[in-house]
Amino acid sequence: MRSDKHNNAPFPLKLAATGGLLFLHLPLLLIFAYAFTTEDKSFQWPPPGFTTRWLAVTWARPDVWQALTLSLQVASIATAFALVLGTLCAAALSRARFFGQEAITLLVILPIALPGIVTGIALRSAFGMMQIPFSFWTIVLGHATFCIVVVYNNAVARFRRMSPSLVEASYDLGANGFQTFRHVILPNIGTALLAGGMLAFALSFDEVIVTTFTAGQQQTLPIWMLEELIRPHERPVTNVVAMAVVLVTLIPILGAYYLTRDGAETAGSGK
C-alpha cells in the first residue's frame, strides 16, 4: 500500500497549478465585479461603488434580447445538424475499413483544427461564389462546420470502445438495423452524444470569428458584445451580458464533463 507521501503532489506543482487556475479565472471575476460597478464610462479598479441597477437596464434592452434569441436559435439548429452528421461520420469511420479512411478522417476534423479566420474566409468565399446571400442559415452552416467535429470526436471514441459483438448478437437474435440502433447502439453512445451536443451548443453560442464572416448585418450575442466594447453606450451592460454568458455556458460544459468521465464503462467494452 502506498503512503500519503507518494500520493500527494509536490508543493511546487501545487503552487504552479494554483497560479495557472488564478491566471485563467481572475479575469472572469473582474467581469462579475464590473457588472455591478457604478461607473458607466470606464473600467476603474477598484470600482468606485456597487449597484444592481445594470441588471434591470440590461433586462430592458431589446437589442440584447434580439441578439440572445438569434444566438440560441443558431446554436440549437447547428447542434441538431452536428448530432446527425457527426454521429453518422463516427459510425462509418469507426466500424468500416476502406482505402482513404485516414484522409477522410482528417477532412472531418480539419474545420476545428484550422484557425477560425481561415474557416470564415473560406465560407465567405464559397457563399459569394455561389451567390448565397448572408442570412440566418449561413450562420448555421458556418457553426455546423466545427460543431460536427465536436460531436464526431465524442461519438467515435465511444464507438471504438463498444464491442462489435453486441451488434452481431442483436442481428443474430433477429433485430433489424433500426431496432439494433435503438436498443443496443443508442444506449451505449447516448451519453457521448449528449456531451458532444452540449459542447457543440456552447461553442456555437460563443462563436465570434466565423460568425463575423457569415452573418452579414445580423448580430449574435458575441458579435453584439464586441460591438458594444468598441462603441460603448452603457459599458456595465456588456459585463452583465458577459456574466450571464459565463453562467449559461458553464452548465453544458459541466454536464458534458460529468457525462463523459465514466465513458470507459461502455457495455461490452471488455469482451
# chains A, B, ... in the order shown; residues from 1 in each chain; ligands from 1
$ residues_around --residues "Arg158 (chain A)" --least-positions-apart "2" --cutoff "8 Å" --atoms "only C-alpha atoms" --output "list in words"
Asn154, Ala155, Val156, Arg160, Arg161, Met162, Asn188, Ile189, Ala192, Gly263 and Thr266 of chain A
$ residues_around --residues "region 246-252 of chain A" --least-positions-apart "6" --cutoff "10 Å" --atoms "only C-alpha atoms" --output "count of residues only"
17
$ select_by_dssp --residues "region 6-224 of chain A" --states "alpha helix (DSSP H)" --output "PyMOL selection string"
chain A and resi 6-7+11-34+53-59+62-95+101-113+116-129+136-161+164-172+177-180+186-206+209-214+221-224
$ closest_residue --among "A:Phe81, A:Trp224, A:Phe159, A:Trp59" --to "Gly190 (chain A)" --atoms "only C-alpha atoms"
A:Phe159
$ residues_around --residues "region 102-112 of chain A" --least-positions-apart "6" --cutoff "8 Å" --atoms "only C-alpha atoms" --output "PyMOL selection string"
chain A and resi 93+119+145-146+149
$ residues_around --residues "Ser71 (chain A)" --least-positions-apart "6" --cutoff "12 Å" --atoms "only C-alpha atoms" --output "VMD selection string"
chain A and resid 64 to 65 77 to 79 136 139 to 140 143 201 to 208 211 215 218 to 224 245
